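Undergrad: Here it is: the structure, laid out below.
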Amino acid sequence: MTDLDDLDLRILNQLQHDCAISNQDLAARVHASPPTCLRRVRKLVQSGHIQRRVAILDPALMGTGLTAIIEVSLDGQGAAQADVFEAKLLAEPAIRQCYRVSSGPDFVLIAQVADMAAYQALALRCLTGDPRVRNVRSFFATDCRKFDTRIEITR
């Protein structure tokens with residue numbers, strides 16, 4: 001973050017709240033001119049600070065109201081084996097997040113599916129049917145009290 005100044009940080013904070021804001025409104029909120037603001041946003045995109053701009057949809061309204069948090073342990077610890085398994089997970093649309101973790105399971109996954117039958121199909125397709133998988137533990141969210149995509153920006 002050392003290459004970001006206060007204006008960049010104000011822009012990033014505003015865009016994390018609403019990335020659909022017009023450049024005019026963004027400039028007014030961060031106290032900069034519209035051309036300066038537009039130039040800064042382009043720089044933040046090019047530098048990779050802004051990876052992408054998305055709309056966050058309501059899973060229940062989209063028909064995928066069941067959230068599964070899944071721990072996966074592989075049979076072997078080889079990097080090549082983990083890479084092949086991970087590639088399979090990354091290609092699966094129901095897997096929303098995929099983390100390689102240490103001290104415990106090899107992967108923690110967040111999946112979003114329609115219902116338990118859809119979860120069971122996912123588990124068979126990607127997890128329990130894979131010979132590399134030694135153990136799968138799944139937890140199902142009964143309620144979501146907090147979901148935030150923003151990163152706290154402080155200086």
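Ordering of the structure tokens sets the chain letters (A, B, ...); residue numbers start at 1 within each chain; ligands are numbered from 1 in the order shown.
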Write out as an NGL selection string which residues come within 7 Å of segment 140-146 of chain A when counting only C-alpha atoms, dropping same-chain ones fewer than 3 positions away.
TA: :A and (67-69)
Undergrad: So which one's closest to Val54 of chain A, A:Ser102, A:His17, A:Arg132, A:Ala117? Using only C-alpha atoms, please.
TA: A:His17
Undergrad: Using only C-alpha atoms, determine which residues lie at most 9 Å from Phe85 of chain A, disregarding the query and same-chain residues fewer than 2 positions distant; provide the list as a PyMOL selection string.
TA: chain A and resi 74+80-83+87-90+126+130+132-133
Undergrad: Need the shell around Leu66 of chain A: protein/DNA/RNA residues with any atom at most 10 Å away, counting only C-alpha atoms. Skip same-chain ones fewer than 4 positions apart. Format as a list in words?
TA: Pro59, Ala60, Ala111, Gln112, Val113, Ala114, Asp115, Met116, Ala118, Tyr119, Phe140, Ala141, Thr142 and Asp143 of chain A
Undergrad: Leaving out segment 18-31 of chain A and any residue of its chain fewer than 5 positions from it, which residues lie within 12 Å of it when counting only C-alpha atoms, given as a PyMOL selection string?
TA: chain A and resi 6-13+36-42+50-56+149-150
Undergrad: What does the file look like for those residues with N, CA, C and O atoms, as an mmCIF file, in the first residue's frame?
TA:
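Contents of out-v1.cif, as written:
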```cif
data_model
loop_
_atom_site.group_PDB
_atom_site.id
_atom_site.type_symbol
_atom_site.label_atom_id
_atom_site.label_comp_id
_atom_site.auth_asym_id
_atom_site.auth_seq_id
_atom_site.Cartn_x
_atom_site.Cartn_y
_atom_site.Cartn_z
ATOM 1 N N ASP A 6 -3.499 9.224 -0.257
ATOM 2 C CA ASP A 6 -4.808 9.370 0.382
ATOM 3 C C ASP A 6 -5.954 9.420 -0.623
ATOM 4 O O ASP A 6 -7.030 8.877 -0.368
ATOM 5 N N LEU A 7 -5.753 10.041 -1.771
ATOM 6 C CA LEU A 7 -6.805 10.082 -2.786
ATOM 7 C C LEU A 7 -7.092 8.678 -3.307
ATOM 8 O O LEU A 7 -8.256 8.286 -3.451
ATOM 9 N N ASP A 8 -6.051 7.903 -3.586
ATOM 10 C CA ASP A 8 -6.260 6.520 -4.030
ATOM 11 C C ASP A 8 -7.066 5.736 -3.000
ATOM 12 O O ASP A 8 -7.990 4.994 -3.351
ATOM 13 N N LEU A 9 -6.738 5.896 -1.737
ATOM 14 C CA LEU A 9 -7.438 5.169 -0.675
ATOM 15 C C LEU A 9 -8.895 5.598 -0.574
ATOM 16 O O LEU A 9 -9.779 4.759 -0.388
ATOM 17 N N ARG A 10 -9.163 6.883 -0.730
ATOM 18 C CA ARG A 10 -10.557 7.355 -0.705
ATOM 19 C C ARG A 10 -11.340 6.780 -1.894
ATOM 20 O O ARG A 10 -12.490 6.371 -1.744
ATOM 21 N N ILE A 11 -10.701 6.740 -3.043
ATOM 22 C CA ILE A 11 -11.347 6.157 -4.231
ATOM 23 C C ILE A 11 -11.653 4.687 -3.994
ATOM 24 O O ILE A 11 -12.766 4.215 -4.259
ATOM 25 N N LEU A 12 -10.683 3.943 -3.500
ATOM 26 C CA LEU A 12 -10.889 2.511 -3.252
ATOM 27 C C LEU A 12 -11.996 2.270 -2.234
ATOM 28 O O LEU A 12 -12.822 1.371 -2.419
ATOM 29 N N ASN A 13 -12.029 3.066 -1.194
ATOM 30 C CA ASN A 13 -13.101 2.923 -0.198
ATOM 31 C C ASN A 13 -14.468 3.147 -0.826
ATOM 32 O O ASN A 13 -15.404 2.382 -0.595
ATOM 33 N N THR A 36 -9.145 13.786 -12.946
ATOM 34 C CA THR A 36 -8.168 13.206 -12.021
ATOM 35 C C THR A 36 -8.677 11.873 -11.483
ATOM 36 O O THR A 36 -7.939 10.887 -11.420
ATOM 37 N N CYS A 37 -9.940 11.845 -11.130
ATOM 38 C CA CYS A 37 -10.539 10.636 -10.587
ATOM 39 C C CYS A 37 -10.514 9.504 -11.622
ATOM 40 O O CYS A 37 -10.126 8.375 -11.306
ATOM 41 N N LEU A 38 -10.892 9.802 -12.838
ATOM 42 C CA LEU A 38 -10.887 8.800 -13.896
ATOM 43 C C LEU A 38 -9.478 8.268 -14.134
ATOM 44 O O LEU A 38 -9.276 7.059 -14.273
ATOM 45 N N ARG A 39 -8.505 9.146 -14.161
ATOM 46 C CA ARG A 39 -7.109 8.750 -14.354
ATOM 47 C C ARG A 39 -6.642 7.839 -13.208
ATOM 48 O O ARG A 39 -5.982 6.835 -13.428
ATOM 49 N N ARG A 40 -7.004 8.194 -11.991
ATOM 50 C CA ARG A 40 -6.608 7.400 -10.825
ATOM 51 C C ARG A 40 -7.259 6.012 -10.846
ATOM 52 O O ARG A 40 -6.611 5.010 -10.535
ATOM 53 N N VAL A 41 -8.525 5.943 -11.200
ATOM 54 C CA VAL A 41 -9.205 4.644 -11.256
ATOM 55 C C VAL A 41 -8.539 3.759 -12.311
ATOM 56 O O VAL A 41 -8.279 2.577 -12.065
ATOM 57 N N ARG A 42 -8.238 4.322 -13.471
ATOM 58 C CA ARG A 42 -7.547 3.541 -14.511
ATOM 59 C C ARG A 42 -6.199 3.034 -14.016
ATOM 60 O O ARG A 42 -5.815 1.894 -14.273
ATOM 61 N N ILE A 50 -7.359 -2.839 -8.176
ATOM 62 C CA ILE A 50 -8.748 -3.198 -8.477
ATOM 63 C C ILE A 50 -8.678 -4.387 -9.423
ATOM 64 O O ILE A 50 -8.248 -4.252 -10.573
ATOM 65 N N GLN A 51 -9.087 -5.547 -8.927
ATOM 66 C CA GLN A 51 -9.017 -6.754 -9.749
ATOM 67 C C GLN A 51 -10.184 -6.860 -10.716
ATOM 68 O O GLN A 51 -10.016 -7.260 -11.847
ATOM 69 N N ARG A 52 -11.378 -6.525 -10.234
ATOM 70 C CA ARG A 52 -12.559 -6.549 -11.098
ATOM 71 C C ARG A 52 -13.699 -5.845 -10.392
ATOM 72 O O ARG A 52 -13.652 -5.618 -9.193
ATOM 73 N N ARG A 53 -14.705 -5.493 -11.154
ATOM 74 C CA ARG A 53 -15.887 -4.829 -10.614
ATOM 75 C C ARG A 53 -17.079 -5.726 -10.871
ATOM 76 O O ARG A 53 -17.307 -6.141 -12.009
ATOM 77 N N VAL A 54 -17.828 -6.041 -9.812
ATOM 78 C CA VAL A 54 -18.892 -7.034 -9.918
ATOM 79 C C VAL A 54 -20.155 -6.558 -9.214
ATOM 80 O O VAL A 54 -20.113 -5.645 -8.392
ATOM 81 N N ALA A 55 -21.247 -7.232 -9.496
ATOM 82 C CA ALA A 55 -22.493 -7.064 -8.748
ATOM 83 C C ALA A 55 -22.618 -8.279 -7.840
ATOM 84 O O ALA A 55 -22.365 -9.409 -8.262
ATOM 85 N N ILE A 56 -22.991 -8.065 -6.599
ATOM 86 C CA ILE A 56 -23.170 -9.163 -5.658
ATOM 87 C C ILE A 56 -24.661 -9.481 -5.607
ATOM 88 O O ILE A 56 -25.475 -8.628 -5.245
ATOM 89 N N THR A 149 -17.476 -8.056 1.295
ATOM 90 C CA THR A 149 -16.364 -8.227 0.359
ATOM 91 C C THR A 149 -15.323 -7.124 0.503
ATOM 92 O O THR A 149 -14.278 -7.174 -0.134
ATOM 93 N N ARG A 150 -15.629 -6.126 1.326
ATOM 94 C CA ARG A 150 -14.731 -4.982 1.456
ATOM 95 C C ARG A 150 -13.489 -5.321 2.277
ATOM 96 O O ARG A 150 -13.549 -6.108 3.206
#
```
Undergrad: Residues of segment 3-115 of chain A in helix (DSSP H, G or I) according to DSSP, as a count of residues only?
TA: 45
Undergrad: Taking only segment 37-136 of chain A into account, list the residues labelled strand (DSSP E or B) by DSSP (computed from the backbone), as JSON, numbers by chain.
TA: {"A": [66, 67, 68, 69, 70, 71, 72, 73, 74, 95, 96, 97, 98, 99, 100, 107, 108, 109, 110, 111, 112, 113, 133, 134, 135, 136]}
Undergrad: For Val108 of chain A, work out the shell of residues within 9 Å, counting only C-alpha atoms and skipping chain neighbours fewer than 4 positions away, then give it as a ChimeraX atom specification.
TA: /A:69-72,97-101
Undergrad: Could you dump the residues just selected with N, CA and C atoms as a JSON list (two decimals), in the first residue's frame?
TA:
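Contents of the output file selection-v6.json:
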```json
[["chain", "number", "residue", "atom", "x", "y", "z"],
["A", 69, "ILE", "N", -19.79, -25.09, 3.65],
["A", 69, "ILE", "CA", -18.38, -24.86, 3.95],
["A", 69, "ILE", "C", -17.78, -26.25, 4.05],
["A", 70, "ILE", "N", -16.80, -26.52, 3.21],
["A", 70, "ILE", "CA", -16.32, -27.89, 3.03],
["A", 70, "ILE", "C", -14.82, -27.96, 3.30],
["A", 71, "GLU", "N", -14.43, -28.91, 4.14],
["A", 71, "GLU", "CA", -13.01, -29.20, 4.37],
["A", 71, "GLU", "C", -12.67, -30.46, 3.58],
["A", 72, "VAL", "N", -11.57, -30.41, 2.85],
["A", 72, "VAL", "CA", -11.14, -31.56, 2.06],
["A", 72, "VAL", "C", -9.69, -31.89, 2.40],
["A", 97, "GLN", "N", -15.55, -20.24, -3.54],
["A", 97, "GLN", "CA", -14.24, -19.88, -3.00],
["A", 97, "GLN", "C", -13.47, -21.17, -2.75],
["A", 98, "CYS", "N", -12.18, -21.11, -2.99],
["A", 98, "CYS", "CA", -11.31, -22.27, -2.81],
["A", 98, "CYS", "C", -10.02, -21.81, -2.17],
["A", 99, "TYR", "N", -9.73, -22.34, -0.99],
["A", 99, "TYR", "CA", -8.53, -21.96, -0.26],
["A", 99, "TYR", "C", -7.69, -23.20, 0.01],
["A", 100, "ARG", "N", -6.39, -23.10, -0.27],
["A", 100, "ARG", "CA", -5.45, -24.10, 0.23],
["A", 100, "ARG", "C", -5.08, -23.63, 1.63],
["A", 101, "VAL", "N", -5.14, -24.54, 2.58],
["A", 101, "VAL", "CA", -4.89, -24.16, 3.96],
["A", 101, "VAL", "C", -3.84, -25.07, 4.58]]
```
Undergrad: Record the distance separating atom CA of Arg155 of chain A and atom CA of Gln16 of chain A, expressed in Å with one decimal.
TA: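 Straight-line distance from atom CA of Arg155 of chain A to atom CA of Gln16 of chain A works out to 16.5 Å.
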Undergrad: Quick one, how far is atom CA of Leu57 of chain A from atom CA of Ile151 of chain A?
TA: 18.7 Å
Undergrad: Using only C-alpha atoms, which of A:Leu44, A:Leu124, A:Arg96, A:Gly129 sits nearest Asp5 of chain A?
TA: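 Closest to Asp5 of chain A of all the choices is A:Leu44.
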Undergrad: How far is it from atom CA of Gln46 of chain A to atom CA of Leu15 of chain A, in Å with one decimal?
TA: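 That distance, rounded to one decimal, is 15.5 Å.
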